[in-house]
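**Q** Quick one, target-v5.pdb (PDB, C-alpha atoms):
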ATOM      1  CA  MET A   1     -21.738 -32.570   4.959
ATOM      2  CA  THR A   2     -18.907 -31.307   7.130
ATOM      3  CA  GLN A   3     -17.340 -28.016   6.172
ATOM      4  CA  THR A   4     -13.634 -27.536   6.848
ATOM      5  CA  HIS A   5     -11.903 -24.189   6.990
ATOM      6  CA  GLN A   6      -8.359 -23.611   5.889
ATOM      7  CA  LYS A   7      -6.233 -21.160   7.799
ATOM      8  CA  ARG A   8      -5.467 -17.961   5.977
ATOM      9  CA  ASP A   9      -2.012 -17.831   4.378
ATOM     10  CA  VAL A  10      -0.915 -14.566   6.005
ATOM     11  CA  VAL A  11       2.135 -12.501   5.028
ATOM     12  CA  PHE A  12       3.848 -10.398   7.699
ATOM     13  CA  PRO A  13       6.516  -7.819   6.881
ATOM     14  CA  PRO A  14       9.587  -7.869   9.108
ATOM     15  CA  GLY A  15       9.265  -6.030  12.417
ATOM     16  CA  ARG A  16       5.553  -5.168  12.304
ATOM     17  CA  GLN A  17       3.757  -8.344  13.388
ATOM     18  CA  ALA A  18       3.044  -7.007  16.894
ATOM     19  CA  LEU A  19       1.328  -3.940  15.427
ATOM     20  CA  TYR A  20      -0.953  -6.106  13.274
ATOM     21  CA  GLU A  21      -1.701  -8.465  16.170
ATOM     22  CA  GLN A  22      -2.550  -5.495  18.405
ATOM     23  CA  ASN A  23      -5.028  -4.205  15.807
ATOM     24  CA  ARG A  24      -6.326  -7.710  14.927
ATOM     25  CA  TYR A  25      -5.910  -7.852  11.155
ATOM     26  CA  SER A  26      -3.625  -9.466   8.611
ATOM     27  CA  PRO A  27      -1.286  -7.263   6.586
ATOM     28  CA  ALA A  28      -1.765  -9.504   3.529
ATOM     29  CA  VAL A  29      -3.322 -12.834   2.634
ATOM     30  CA  ARG A  30      -2.373 -15.148  -0.236
ATOM     31  CA  ALA A  31      -5.356 -16.750  -2.017
ATOM     32  CA  GLY A  32      -5.966 -18.091  -5.501
ATOM     33  CA  GLY A  33      -2.609 -16.949  -6.894
ATOM     34  CA  LEU A  34      -3.179 -13.403  -5.661
ATOM     35  CA  LEU A  35      -1.937 -11.328  -2.730
ATOM     36  CA  PHE A  36      -4.583  -9.177  -1.032
ATOM     37  CA  VAL A  37      -2.856  -6.398   0.926
ATOM     38  CA  SER A  38      -4.633  -4.500   3.695
ATOM     39  CA  GLY A  39      -4.667  -0.724   3.465
ATOM     40  CA  GLN A  40      -1.264   0.710   4.309
ATOM     41  CA  VAL A  41      -0.761   4.123   5.850
ATOM     42  CA  GLY A  42       2.266   6.220   6.672
ATOM     43  CA  SER A  43       2.649   4.784  10.152
ATOM     44  CA  ARG A  44       5.866   4.662  12.067
ATOM     45  CA  ALA A  45       7.016   1.428  13.753
ATOM     46  CA  ASP A  46       4.870   2.235  16.816
ATOM     47  CA  GLY A  47       1.781   2.794  14.642
ATOM     48  CA  SER A  48       1.688   6.583  14.992
ATOM     49  CA  PRO A  49       1.146   8.762  11.903
ATOM     50  CA  GLU A  50       4.023  10.449  10.134
ATOM     51  CA  PRO A  51       2.852  14.086  10.533
ATOM     52  CA  GLU A  52       3.910  15.624   7.189
ATOM     53  CA  LEU A  53       1.804  14.613   4.130
ATOM     54  CA  GLU A  54       4.616  13.880   1.657
ATOM     55  CA  ALA A  55       6.570  11.852   4.232
ATOM     56  CA  GLN A  56       3.363  10.022   5.169
ATOM     57  CA  VAL A  57       2.756   9.003   1.535
ATOM     58  CA  ARG A  58       6.353   7.803   1.139
ATOM     59  CA  LEU A  59       6.135   5.807   4.358
ATOM     60  CA  ALA A  60       2.822   4.245   3.269
ATOM     61  CA  PHE A  61       4.554   3.024   0.095
ATOM     62  CA  ASP A  62       7.563   1.829   2.112
ATOM     63  CA  ASN A  63       5.188  -0.163   4.353
ATOM     64  CA  LEU A  64       3.363  -1.525   1.288
ATOM     65  CA  ASN A  65       6.598  -2.490  -0.439
ATOM     66  CA  ALA A  66       7.813  -4.307   2.701
ATOM     67  CA  ILE A  67       4.703  -6.500   2.577
ATOM     68  CA  LEU A  68       5.106  -7.093  -1.162
ATOM     69  CA  ARG A  69       8.770  -8.105  -0.628
ATOM     70  CA  ALA A  70       7.766 -10.468   2.188
ATOM     71  CA  ALA A  71       5.513 -12.231  -0.357
ATOM     72  CA  ARG A  72       8.302 -12.224  -3.001
ATOM     73  CA  CYS A  73       6.472  -9.564  -5.052
ATOM     74  CA  SER A  74       7.093  -5.980  -6.081
ATOM     75  CA  PHE A  75       4.879  -3.107  -7.162
ATOM     76  CA  ASP A  76       5.306  -4.403 -10.728
ATOM     77  CA  ASP A  77       3.119  -7.383  -9.681
ATOM     78  CA  VAL A  78       0.286  -5.114  -8.480
ATOM     79  CA  VAL A  79      -2.833  -5.363 -10.653
ATOM     80  CA  ASP A  80      -5.332  -3.265  -8.683
ATOM     81  CA  VAL A  81      -4.899  -0.238  -6.412
ATOM     82  CA  THR A  82      -7.347   1.607  -4.186
ATOM     83  CA  VAL A  83      -6.244   4.832  -2.517
ATOM     84  CA  PHE A  84      -8.115   6.724   0.166
ATOM     85  CA  ILE A  85      -7.393  10.434   0.589
ATOM     86  CA  VAL A  86      -8.610  12.843   3.249
ATOM     87  CA  ASN A  87      -9.446  16.195   1.627
ATOM     88  CA  PRO A  88      -8.637  15.075  -1.930
ATOM     89  CA  GLU A  89      -9.268  18.532  -3.385
ATOM     90  CA  ALA A  90      -6.293  19.857  -1.422
ATOM     91  CA  HIS A  91      -4.084  16.742  -1.343
ATOM     92  CA  PHE A  92      -4.567  14.711  -4.521
ATOM     93  CA  GLN A  93      -2.068  16.499  -6.767
ATOM     94  CA  ARG A  94       0.642  16.595  -4.080
ATOM     95  CA  ILE A  95       0.146  12.878  -3.436
ATOM     96  CA  TRP A  96      -0.002  11.958  -7.114
ATOM     97  CA  ASP A  97       3.229  13.861  -7.843
ATOM     98  CA  ILE A  98       5.048  11.743  -5.209
ATOM     99  CA  VAL A  99       3.457   8.507  -6.394
ATOM    100  CA  GLN A 100       4.226   9.110 -10.080
ATOM    101  CA  ALA A 101       7.788  10.242  -9.430
ATOM    102  CA  GLY A 102       8.968   7.403  -7.235
ATOM    103  CA  TYR A 103       6.602   4.483  -6.857
ATOM    104  CA  TRP A 104       4.312   3.859  -9.812
ATOM    105  CA  GLY A 105       6.739   2.267 -12.275
ATOM    106  CA  GLU A 106       6.412   1.939 -16.021
ATOM    107  CA  ALA A 107       3.352   1.182 -18.174
ATOM    108  CA  PRO A 108       1.278  -0.880 -18.284
ATOM    109  CA  HIS A 109      -0.010   0.442 -14.967
ATOM    110  CA  PRO A 110      -2.378  -1.257 -12.523
ATOM    111  CA  THR A 111      -6.018  -0.275 -12.299
ATOM    112  CA  VAL A 112      -6.664   2.437  -9.715
ATOM    113  CA  THR A 113      -9.614   3.751  -7.756
ATOM    114  CA  ALA A 114      -9.245   6.919  -5.680
ATOM    115  CA  VAL A 115     -11.742   7.542  -2.901
ATOM    116  CA  GLY A 116     -12.131  10.786  -0.947
ATOM    117  CA  VAL A 117     -12.817  10.165   2.744
ATOM    118  CA  THR A 118     -13.329  12.289   5.834
ATOM    119  CA  TRP A 119     -11.359  10.196   8.326
ATOM    120  CA  LEU A 120      -8.445   7.726   8.300
ATOM    121  CA  TYR A 121      -7.606   7.319  11.993
ATOM    122  CA  GLY A 122      -5.304  10.356  11.976
ATOM    123  CA  PHE A 123      -3.767   9.659   8.564
ATOM    124  CA  GLN A 124      -4.236  11.569   5.286
ATOM    125  CA  PHE A 125      -3.530   8.731   2.817
ATOM    126  CA  GLU A 126      -4.062   4.968   2.621
ATOM    127  CA  ILE A 127      -3.294   2.494  -0.161
ATOM    128  CA  LYS A 128      -4.515  -1.079  -0.586
ATOM    129  CA  VAL A 129      -3.583  -3.378  -3.442
ATOM    130  CA  VAL A 130      -4.071  -6.759  -5.041
ATOM    131  CA  ALA A 131      -0.949  -8.303  -6.598
ATOM    132  CA  LYS A 132      -0.316 -11.401  -8.680
ATOM    133  CA  LEU A 133       1.919 -13.851  -6.825
ATOM    134  CA  PRO A 134       4.993 -15.186  -8.605
ATOM    135  CA  ASP A 135       4.565 -18.633 -10.186
TER     136      ASP A 135
END
Can you dump the structure from the file as structure tokens?

**A**
Amino acid sequence: MTQTHQKRDVVFPPGRQALYEQNRYSPAVRAGGLLFVSGQVGSRADGSPEPELEAQVRLAFDNLNAILRAARCSFDDVVDVTVFIVNPEAHFQRIWDIVQAGYWGEAPHPTVTAVGVTWLYGFQFEIKVVAKLPD
């Protein structure tokens, strides 16, 4: 039996394809009616971290939302969220205040898992999601 492989159906946000190619990963992949989005951080166009925590969180959501828009989705289509936080004891409440105030939307909310980590390549916050694609 011969096995054939389909190419991944990759979604690239405008203006960031070179960054993803440089780091050798896909920003998002469509599969089975879902959109699987790689972890997004508060990186500037050149990939460097936004230094201030609140601005970094906002930029991570801006980067996430650009990918969702490129797939014709919005955060309202997100069904599962995983966030990674460096030093969650010190940062969680500050991050959650920003998220709740401007990005989370109305109930019903997606599922969420928060993970405390010791290192995120110079970042303090990362968010990855799974969204339902529009019909």

**Q** Quick one: residues within 8 Å of A:Arg30, all atoms listed in the file, excluding same-chain residues fewer than 5 positions away - as a ChimeraX atom specification?

**A** /A:8-11,35-36,133

**Q** Can I get the selection written as a PDB file, in the frame of the given file, with C-alpha atoms?

**A**
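Just written: out.pdb:
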ATOM      1  CA  ARG A   8      -5.467 -17.961   5.977  1.00  0.00           C
ATOM      2  CA  ASP A   9      -2.012 -17.831   4.378  1.00  0.00           C
ATOM      3  CA  VAL A  10      -0.915 -14.566   6.005  1.00  0.00           C
ATOM      4  CA  VAL A  11       2.135 -12.501   5.028  1.00  0.00           C
ATOM      5  CA  LEU A  35      -1.937 -11.328  -2.730  1.00  0.00           C
ATOM      6  CA  PHE A  36      -4.583  -9.177  -1.032  1.00  0.00           C
ATOM      7  CA  LEU A 133       1.919 -13.851  -6.825  1.00  0.00           C
TER       8      LEU A 133
END

**Q** For the PyMOL selection byres ((chain A and resi 101-114) around 8), applied here, can you spell out every residue it catches as a list in words?

**A** Phe61, Phe75, Asp76, Val78, Val79, Asp80, Val81, Thr82, Val83, Phe84, Ile85, Asp97, Ile98, Val99, Gln100, Val115 and Gly116 of chain A

**Q** Report the distance between atom CA of A:Ser43 and atom CA of A:Gly15 in Å, rounded to one decimal place.

**A** 12.9 Å

**Q** Within 8 Å of stretch 62-70 of chain A, counting all atoms listed in the file, which residues qualify if same-chain residues fewer than 5 places away don't, as a ChimeraX atom specification?

**A** /A:11-14,27-28,37,40-42,75,127

**Q** Pick out the residues sitting within 12 Å of A:Arg44, and hand them over as an MDAnalysis selection string; count only C-alpha atoms, and ignore anything fewer than 4 positions along from it in its own chain.

**A** chainID A and resid 15:16 19 40 48:51 55:60 62:63 123

**Q** Which residues are close to A:Asp135, i.e. within 12 Å by all atoms listed in the file, leaving aside same-chain residues fewer than 6 positions away? Reply as a list in words.

**A** Gly32, Gly33, Leu34, Ala71, Arg72, Cys73 and Asp77 of chain A

**Q** Can you write out the residues you just picked, keeping C-alpha atoms, as an mmCIF file, keeping the file's coordinate frame?

**A**
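Generated file (part.cif):
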data_model
loop_
_atom_site.group_PDB
_atom_site.id
_atom_site.type_symbol
_atom_site.label_atom_id
_atom_site.label_comp_id
_atom_site.auth_asym_id
_atom_site.auth_seq_id
_atom_site.Cartn_x
_atom_site.Cartn_y
_atom_site.Cartn_z
ATOM 1 C CA GLY A 32 -5.966 -18.091 -5.501
ATOM 2 C CA GLY A 33 -2.609 -16.949 -6.894
ATOM 3 C CA LEU A 34 -3.179 -13.403 -5.661
ATOM 4 C CA ALA A 71 5.513 -12.231 -0.357
ATOM 5 C CA ARG A 72 8.302 -12.224 -3.001
ATOM 6 C CA CYS A 73 6.472 -9.564 -5.052
ATOM 7 C CA ASP A 77 3.119 -7.383 -9.681
#

**Q** Take atom CA of A:His91 and atom CA of A:Asn23 and report the distance between them in Å, one decimal.

**A**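 Going from atom CA of A:His91 over to atom CA of A:Asn23 covers 27.1 Å.
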
**Q** I need the residue nearest A:Gly39 from this list: A:Pro88, A:Gly122, A:Tyr25, A:Gln17. Use only C-alpha atoms for the distance.

**A**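 The answer is A:Tyr25, which sits nearest to A:Gly39.
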
**Q** To one decimal in Å, tell me the separation between atom CA of A:Lys132 and atom CA of A:Tyr20.

**A**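 Going from atom CA of A:Lys132 over to atom CA of A:Tyr20, I get 22.6 Å.
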
**Q** Dump N, CA, C and O atoms of stretch 73-88 of chain A from the given block, as a PDB file, in the first residue's frame.

**A**
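Output file out34.pdb is given in full below:
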ATOM      1  N   CYS A  73     -11.398  34.122  10.430  1.00  0.00           N
ATOM      2  CA  CYS A  73     -11.915  33.835  11.772  1.00  0.00           C
ATOM      3  C   CYS A  73     -11.744  35.069  12.643  1.00  0.00           C
ATOM      4  O   CYS A  73     -11.115  36.045  12.252  1.00  0.00           O
ATOM      5  N   SER A  74     -12.273  34.961  13.861  1.00  0.00           N
ATOM      6  CA  SER A  74     -12.026  35.969  14.889  1.00  0.00           C
ATOM      7  C   SER A  74     -11.862  35.232  16.212  1.00  0.00           C
ATOM      8  O   SER A  74     -12.031  34.013  16.276  1.00  0.00           O
ATOM      9  N   PHE A  75     -11.575  35.971  17.261  1.00  0.00           N
ATOM     10  CA  PHE A  75     -11.432  35.325  18.571  1.00  0.00           C
ATOM     11  C   PHE A  75     -12.731  34.656  18.999  1.00  0.00           C
ATOM     12  O   PHE A  75     -12.716  33.694  19.757  1.00  0.00           O
ATOM     13  N   ASP A  76     -13.867  35.108  18.482  1.00  0.00           N
ATOM     14  CA  ASP A  76     -15.146  34.468  18.798  1.00  0.00           C
ATOM     15  C   ASP A  76     -15.201  33.023  18.307  1.00  0.00           C
ATOM     16  O   ASP A  76     -16.004  32.234  18.800  1.00  0.00           O
ATOM     17  N   ASP A  77     -14.367  32.662  17.323  1.00  0.00           N
ATOM     18  CA  ASP A  77     -14.320  31.298  16.793  1.00  0.00           C
ATOM     19  C   ASP A  77     -13.375  30.395  17.583  1.00  0.00           C
ATOM     20  O   ASP A  77     -13.317  29.191  17.343  1.00  0.00           O
ATOM     21  N   VAL A  78     -12.618  30.960  18.518  1.00  0.00           N
ATOM     22  CA  VAL A  78     -11.643  30.197  19.290  1.00  0.00           C
ATOM     23  C   VAL A  78     -12.380  29.297  20.279  1.00  0.00           C
ATOM     24  O   VAL A  78     -13.268  29.749  21.006  1.00  0.00           O
ATOM     25  N   VAL A  79     -11.992  28.010  20.302  1.00  0.00           N
ATOM     26  CA  VAL A  79     -12.615  27.057  21.215  1.00  0.00           C
ATOM     27  C   VAL A  79     -11.682  26.614  22.339  1.00  0.00           C
ATOM     28  O   VAL A  79     -12.140  26.147  23.377  1.00  0.00           O
ATOM     29  N   ASP A  80     -10.366  26.741  22.124  1.00  0.00           N
ATOM     30  CA  ASP A  80      -9.408  26.282  23.124  1.00  0.00           C
ATOM     31  C   ASP A  80      -8.207  27.225  23.136  1.00  0.00           C
ATOM     32  O   ASP A  80      -7.708  27.604  22.077  1.00  0.00           O
ATOM     33  N   VAL A  81      -7.772  27.593  24.325  1.00  0.00           N
ATOM     34  CA  VAL A  81      -6.652  28.519  24.507  1.00  0.00           C
ATOM     35  C   VAL A  81      -5.652  27.898  25.471  1.00  0.00           C
ATOM     36  O   VAL A  81      -6.039  27.351  26.508  1.00  0.00           O
ATOM     37  N   THR A  82      -4.375  28.022  25.139  1.00  0.00           N
ATOM     38  CA  THR A  82      -3.305  27.704  26.083  1.00  0.00           C
ATOM     39  C   THR A  82      -2.423  28.937  26.184  1.00  0.00           C
ATOM     40  O   THR A  82      -2.004  29.480  25.158  1.00  0.00           O
ATOM     41  N   VAL A  83      -2.174  29.394  27.407  1.00  0.00           N
ATOM     42  CA  VAL A  83      -1.259  30.513  27.609  1.00  0.00           C
ATOM     43  C   VAL A  83      -0.075  30.029  28.436  1.00  0.00           C
ATOM     44  O   VAL A  83      -0.210  29.184  29.311  1.00  0.00           O
ATOM     45  N   PHE A  84       1.075  30.581  28.106  1.00  0.00           N
ATOM     46  CA  PHE A  84       2.318  30.288  28.806  1.00  0.00           C
ATOM     47  C   PHE A  84       2.806  31.602  29.396  1.00  0.00           C
ATOM     48  O   PHE A  84       2.884  32.610  28.691  1.00  0.00           O
ATOM     49  N   ILE A  85       3.135  31.581  30.688  1.00  0.00           N
ATOM     50  CA  ILE A  85       3.513  32.809  31.391  1.00  0.00           C
ATOM     51  C   ILE A  85       4.789  32.559  32.179  1.00  0.00           C
ATOM     52  O   ILE A  85       4.859  31.616  32.981  1.00  0.00           O
ATOM     53  N   VAL A  86       5.787  33.420  31.950  1.00  0.00           N
ATOM     54  CA  VAL A  86       6.996  33.395  32.763  1.00  0.00           C
ATOM     55  C   VAL A  86       6.665  34.120  34.063  1.00  0.00           C
ATOM     56  O   VAL A  86       6.073  35.199  34.050  1.00  0.00           O
ATOM     57  N   ASN A  87       7.021  33.506  35.184  1.00  0.00           N
ATOM     58  CA  ASN A  87       6.777  34.076  36.513  1.00  0.00           C
ATOM     59  C   ASN A  87       5.295  34.399  36.714  1.00  0.00           C
ATOM     60  O   ASN A  87       4.916  35.548  36.939  1.00  0.00           O
ATOM     61  N   PRO A  88       4.429  33.377  36.637  1.00  0.00           N
ATOM     62  CA  PRO A  88       2.993  33.633  36.729  1.00  0.00           C
ATOM     63  C   PRO A  88       2.549  34.251  38.048  1.00  0.00           C
ATOM     64  O   PRO A  88       1.574  35.003  38.070  1.00  0.00           O
TER      65      PRO A  88
END
